[in-house]
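Raw coords_30.csv, CSV, C-alpha atoms:
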chain,number,residue,atom,x,y,z
K,2,MET,CA,136.5,-29.8,367.2
K,3,LYS,CA,140.1,-31.2,367.2
K,4,THR,CA,140.4,-30.8,363.4
K,5,GLU,CA,139.2,-27.2,363.7
K,6,ASN,CA,141.7,-26.4,366.4
K,7,THR,CA,144.5,-27.9,364.3
K,8,ALA,CA,143.5,-25.9,361.3
K,9,ASN,CA,143.5,-22.7,363.4
K,10,VAL,CA,147.0,-23.5,364.7
K,11,TRP,CA,148.3,-24.0,361.1
K,12,TRP,CA,146.7,-20.8,359.9
K,13,ARG,CA,148.6,-19.0,362.7
K,14,TYR,CA,151.9,-20.6,361.6
K,15,VAL,CA,151.2,-19.6,358.0
K,16,LEU,CA,150.4,-16.0,359.1
K,17,VAL,CA,153.6,-15.7,361.1
K,18,PHE,CA,155.7,-17.1,358.3
K,19,THR,CA,154.1,-14.7,355.8
K,20,VAL,CA,154.7,-11.7,358.0
K,21,LEU,CA,158.4,-12.8,358.5
K,22,LEU,CA,158.7,-13.3,354.7
K,23,LEU,CA,157.3,-9.9,353.8
K,24,ALA,CA,158.9,-7.9,356.6
K,25,ARG,CA,162.3,-7.3,354.9
K,26,PRO,CA,161.1,-6.4,351.4
K,27,ALA,CA,158.4,-4.2,352.9
K,28,SER,CA,161.0,-2.4,355.0
K,29,HIS,CA,163.2,-1.9,352.0
K,30,PHE,CA,160.3,-0.5,349.9
K,31,ILE,CA,159.5,2.0,352.7
K,32,ASN,CA,163.1,3.1,353.0
K,33,GLN,CA,163.3,3.6,349.2
K,34,ALA,CA,160.1,5.6,349.1
K,35,LEU,CA,161.2,7.8,352.0
K,36,ARG,CA,164.4,8.6,350.0
K,37,GLY,CA,162.3,9.5,347.0
K,38,TYR,CA,163.5,6.6,344.8
K,39,PRO,CA,161.4,4.3,342.7
K,40,LEU,CA,160.4,0.9,344.1
K,41,ASP,CA,162.3,-1.8,342.4
K,42,ILE,CA,160.1,-4.9,342.1
K,43,SER,CA,163.3,-7.0,341.4
K,44,TYR,CA,164.2,-6.9,345.1
K,45,PHE,CA,160.8,-8.1,346.1
K,46,SER,CA,160.9,-11.0,343.7
K,47,ARG,CA,164.4,-12.0,344.9
K,48,GLU,CA,163.2,-12.1,348.5
K,49,LEU,CA,160.3,-14.3,347.6
K,50,SER,CA,162.2,-16.5,345.2
K,51,PRO,CA,162.3,-20.3,345.6
K,52,GLU,CA,166.0,-20.0,344.9
K,53,LYS,CA,166.6,-18.0,348.0
K,54,ILE,CA,164.9,-20.7,350.2
K,55,ARG,CA,166.7,-23.5,348.3
K,56,ASN,CA,170.1,-21.8,348.7
K,57,ILE,CA,169.6,-21.0,352.4
K,58,GLY,CA,169.4,-17.2,351.6
K,59,LEU,CA,172.5,-17.2,349.5
K,60,TYR,CA,170.8,-15.8,346.4
K,61,ASN,CA,171.2,-12.4,344.8
K,62,GLY,CA,168.6,-12.5,342.0
K,63,GLU,CA,169.3,-11.0,338.6
K,64,GLY,CA,169.4,-7.3,339.6
K,65,GLY,CA,167.2,-4.6,338.1
K,66,ALA,CA,165.9,-3.4,334.7
K,67,ASP,CA,169.1,-1.6,333.8
K,68,TRP,CA,171.7,-3.2,336.0
K,69,LYS,CA,172.9,-6.6,337.1
K,70,ILE,CA,174.2,-8.3,340.3
K,71,GLY,CA,176.6,-11.2,340.4
K,72,LYS,CA,176.2,-14.6,342.0
K,73,PRO,CA,177.1,-14.9,345.7
K,74,LEU,CA,180.7,-15.5,346.5
K,75,ALA,CA,179.9,-16.7,350.0
K,76,THR,CA,178.8,-20.3,350.3
K,77,ILE,CA,177.3,-22.4,353.1
K,78,TRP,CA,180.8,-23.8,353.6
K,79,THR,CA,182.6,-20.4,353.8
K,80,GLY,CA,179.9,-18.0,354.8
K,81,GLU,CA,179.6,-18.6,358.5
K,82,GLN,CA,183.2,-18.6,359.8
K,83,SER,CA,184.4,-15.6,361.7
K,84,ARG,CA,186.8,-13.5,359.6
K,85,SER,CA,189.6,-11.1,360.3
K,86,LEU,CA,189.4,-7.5,359.2
K,87,PRO,CA,192.0,-8.0,356.3
K,88,GLN,CA,190.0,-11.0,355.1
K,89,LEU,CA,186.7,-9.1,355.1
K,90,ARG,CA,188.3,-6.1,353.3
K,91,GLN,CA,189.6,-8.4,350.6
K,92,PHE,CA,186.2,-10.2,350.3
K,93,ALA,CA,184.4,-6.8,350.2
K,94,LEU,CA,186.6,-5.7,347.4
K,95,GLU,CA,185.9,-8.9,345.5
K,96,LEU,CA,182.2,-8.4,345.9
K,97,VAL,CA,182.4,-4.8,344.6
K,98,ASN,CA,184.5,-5.8,341.6
K,99,ARG,CA,182.2,-8.7,340.9
K,100,ASP,CA,179.3,-6.3,340.5
K,101,ARG,CA,181.2,-3.6,338.6
K,102,THR,CA,182.5,-6.2,336.2
K,103,ILE,CA,179.1,-7.7,335.4
K,104,ASN,CA,177.9,-4.1,334.7
K,105,ASN,CA,180.9,-3.5,332.3
K,106,LEU,CA,182.8,-1.2,334.6
K,107,ASN,CA,186.5,-1.1,335.6
K,108,SER,CA,187.6,-2.9,338.7
K,109,LEU,CA,188.6,-0.9,341.9
K,110,GLN,CA,191.8,-1.2,343.9
K,111,GLU,CA,191.9,-1.1,347.7
K,112,ASP,CA,193.3,2.2,349.1
K,113,ALA,CA,194.8,2.2,352.6
K,114,VAL,CA,193.7,5.8,353.3
K,115,LEU,CA,190.1,5.1,352.3
K,116,SER,CA,190.1,1.9,354.4
K,117,GLN,CA,191.5,3.8,357.4
K,118,ALA,CA,188.8,6.5,357.0
K,119,ALA,CA,186.1,3.8,356.6
K,120,GLN,CA,187.2,1.9,359.6
K,121,SER,CA,187.4,5.0,361.7
K,122,HIS,CA,183.8,5.9,360.8
K,123,ALA,CA,182.5,2.3,361.5
K,124,GLN,CA,184.2,2.3,364.9
K,125,ASP,CA,183.0,5.8,365.7
K,126,MET,CA,179.3,5.0,364.9
K,127,LEU,CA,179.6,1.8,366.9
K,128,GLU,CA,181.1,3.4,370.0
K,129,ARG,CA,178.9,6.6,370.0
K,130,ARG,CA,175.8,4.7,368.9
K,131,TYR,CA,174.7,6.8,365.9
K,132,PHE,CA,174.1,6.0,362.3
K,133,ASP,CA,174.8,8.8,359.8
K,134,HIS,CA,177.2,10.0,357.2
K,135,ILE,CA,177.7,13.1,359.4
K,136,SER,CA,179.2,12.5,362.8
K,137,PRO,CA,177.9,14.2,366.0
K,138,GLY,CA,180.8,16.6,365.7
K,139,GLY,CA,179.9,17.5,362.1
K,140,GLU,CA,182.6,15.6,360.2
K,141,ASN,CA,181.5,14.4,356.8
K,142,PRO,CA,183.1,11.6,354.6
K,143,ARG,CA,185.5,13.9,353.0
K,144,ASP,CA,186.6,15.3,356.3
K,145,ARG,CA,187.4,11.8,357.5
K,146,TYR,CA,189.3,11.1,354.3
K,147,LEU,CA,191.4,14.2,354.7
K,148,VAL,CA,192.2,13.4,358.4
K,149,ALA,CA,193.4,10.0,357.3
K,150,GLY,CA,195.8,11.6,354.9
K,151,GLY,CA,193.7,11.7,351.7
K,152,ASN,CA,194.3,13.9,348.6
K,153,PRO,CA,192.5,17.3,349.1
K,154,ARG,CA,191.9,17.5,345.4
K,155,LEU,CA,189.6,14.5,345.4
K,156,GLY,CA,186.0,13.9,346.4
K,157,VAL,CA,184.7,10.7,348.0
K,158,GLY,CA,181.6,8.6,348.0
K,159,GLU,CA,180.4,6.6,351.0
K,160,ASN,CA,178.0,3.8,351.8
K,161,ILE,CA,177.0,2.8,355.3
K,162,VAL,CA,174.9,0.1,356.8
K,163,LYS,CA,173.9,-1.0,360.3
K,164,SER,CA,172.7,-4.5,361.2
K,165,THR,CA,172.4,-7.0,364.0
K,166,ALA,CA,173.6,-10.6,363.6
K,167,LYS,CA,173.8,-12.3,367.0
K,168,GLY,CA,175.9,-15.5,366.8
K,169,LEU,CA,177.4,-14.7,363.4
K,170,GLY,CA,179.9,-12.0,364.0
K,171,LEU,CA,182.0,-10.7,361.1
K,172,THR,CA,181.5,-13.3,358.4
K,173,TYR,CA,181.5,-13.5,354.6
K,174,ARG,CA,177.8,-14.1,354.7
K,175,GLN,CA,177.3,-10.8,356.5
K,176,ALA,CA,179.5,-8.9,354.0
K,177,GLU,CA,177.6,-10.5,351.1
K,178,ASP,CA,174.3,-9.5,352.7
K,179,PHE,CA,175.5,-5.9,353.0
K,180,GLN,CA,176.7,-5.8,349.4
K,181,ARG,CA,173.3,-7.1,348.2
K,182,GLY,CA,171.4,-4.6,350.2
K,183,TRP,CA,173.5,-1.7,348.8
K,184,MET,CA,173.1,-3.0,345.3
K,185,TYR,CA,169.3,-3.0,345.6
K,186,SER,CA,169.3,0.6,346.9
K,187,ASN,CA,169.4,3.3,344.3
K,188,SER,CA,171.7,5.8,346.1
K,189,HIS,CA,174.1,3.2,347.3
K,190,ARG,CA,174.2,1.4,343.9
K,191,GLN,CA,175.0,4.8,342.4
K,192,ASN,CA,178.3,4.9,344.4
K,193,LEU,CA,179.1,1.2,343.6
K,194,LEU,CA,178.6,1.7,339.9
K,195,THR,CA,180.1,5.1,339.4
K,196,GLN,CA,182.2,4.8,336.3
K,197,GLY,CA,185.0,7.2,337.4
K,198,TYR,CA,185.9,5.6,340.7
K,199,THR,CA,189.1,3.7,340.8
K,200,LYS,CA,189.8,3.2,344.5
K,201,PHE,CA,188.0,1.5,347.4
K,202,GLY,CA,188.1,1.3,351.2
K,203,TYR,CA,186.2,-0.8,353.6
K,204,GLY,CA,185.6,-0.7,357.4
K,205,ILE,CA,183.5,-2.9,359.7
K,206,ALA,CA,183.0,-3.0,363.4
K,207,THR,CA,180.9,-5.1,365.9
K,208,ARG,CA,180.2,-5.3,369.6
K,209,SER,CA,179.1,-8.0,371.9
K,210,ASP,CA,175.3,-7.3,371.5
K,211,GLY,CA,175.7,-8.3,367.8
K,212,SER,CA,175.5,-4.7,366.4
K,213,ILE,CA,177.5,-4.4,363.2
K,214,TYR,CA,178.4,-1.2,361.3
K,215,ALA,CA,180.0,-1.4,357.8
K,216,VAL,CA,181.3,1.4,355.6
K,217,GLN,CA,182.4,1.5,352.0
K,218,MET,CA,184.3,4.5,350.6
K,219,PHE,CA,185.2,5.4,347.0
K,220,THR,CA,187.3,7.9,345.2
K,221,ARG,CA,189.0,8.5,341.8
Will you turn the file into structure tokens for me?
Amino acid sequence: MKTENTANVWWRYVLVFTVLLLARPASHFINQALRGYPLDISYFSRELSPEKIRNIGLYNGEGGADWKIGKPLATIWTGEQSRSLPQLRQFALELVNRDRTINNLNSLQEDAVLSQAAQSHAQDMLERRYFDHISPGGENPRDRYLVAGGNPRLGVGENIVKSTAKGLGLTYRQAEDFQRGWMYSNSHRQNLLTQGYTKFGYGIATRSDGSIYAVQMFTR
């Protein structure tokens, strides 16, 4: 009887572990399907890879069928420390240029106006508790870019993400995780790997409950 009870307990542990392991890729696949994009099996294989477990989650995989993703820049030694906004902006730019370079694209340069518009949107979503490219007042990414002093002759691209990371705060690991998620999402990757883009902006904001909003912006 004791052996049988022990086996039942272990099966429960296995079941819980399996659910936790599959939850993130399953959620990603559902979101992709709802957006009308094909389901990229490469994300699923990355999430279940032994390398991810061995490297404590710091593993990006190889990318997809027609695109690549670079090796993580965050490490177990640098990934968990709280970082300032300028540090995170610089790191976010390095991540973007890592992935553009490996896909044979030009590097981007940080643009102060784009970063101001991105930070404004991240802070606004945080404070007003919404998550969208369009603000409750109807402002879109280009509107925010123009308000920040942007060139009215240029269009912009924008990626946004919302997450919760209690106890971590604003870290390189979090920025790396956001970049990986954007790269494995068709619409976000399209912005990241647009050939004509030359400038980049980044904003990120958090509050005490662990909620984090991050924004990338791009223009020519």
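Counting from atom CA of Asp144 of chain K, the distance to atom CA of Ala118 of chain K is 9.1 Å.
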- Message: Applying 12 Å and only C-alpha atoms, which residues near Pro142 of chain K remain after dropping the ones on its own chain fewer than 4 positions away? List them as a PyMOL selection string.
- Response: chain K and resi 115-123+133-136+146-149+151+155-161+202+216-220
- Message: Please report the interatomic distance between atom CA of Ser85 of chain K and atom CA of Phe179 of chain K in Å with one decimal.
- Response: 16.7 Å
- Is there a way to get, as a ChimeraX atom specification, all residues within 9 Å of the point (163.7, -6.0, 339.7) in file coordinates, counting all atoms listed in the file? /K:40-47,62-66,185
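Compared by their closest atoms to Ala206 of chain K, and using all atoms listed in the file, the residues K:Leu94, K:Leu89, K:Val114, K:Leu106 rank with K:Leu89 nearest.
Nearest residue to Gln88 of chain K among K:Ala176, K:Leu109, K:Ala215, K:Met184 is K:Ala176, counting only C-alpha atoms.
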- State, in Å with one decimal place, the distance from atom CA of Glu177 of chain K to atom CA of Arg55 of chain K.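 Separation between atom CA of Glu177 of chain K and atom CA of Arg55 of chain K: 17.2 Å.
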- Message: Nearest residue to Arg101 of chain K out of K:Ser209, K:Gln175, K:Ser188, K:Gln180, using all atoms listed in the file?
- Response: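 For Arg101 of chain K, the nearest of the candidates is K:Gln180.
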- Query: So which residues touch Leu74 of chain K within 10 Å, counting only C-alpha atoms, skipping near sequence neighbours fewer than 4 positions away, as an MDAnalysis selection string?
  - Reply: chainID K and resid 59:60 79:80 92 95:96 99 173:174 177
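When all atoms listed in the file are used to measure the gap to Asn107 of chain K, the shortest distance among K:Ile213, K:Thr199, K:Gly204, K:Ser164 belongs to K:Thr199.
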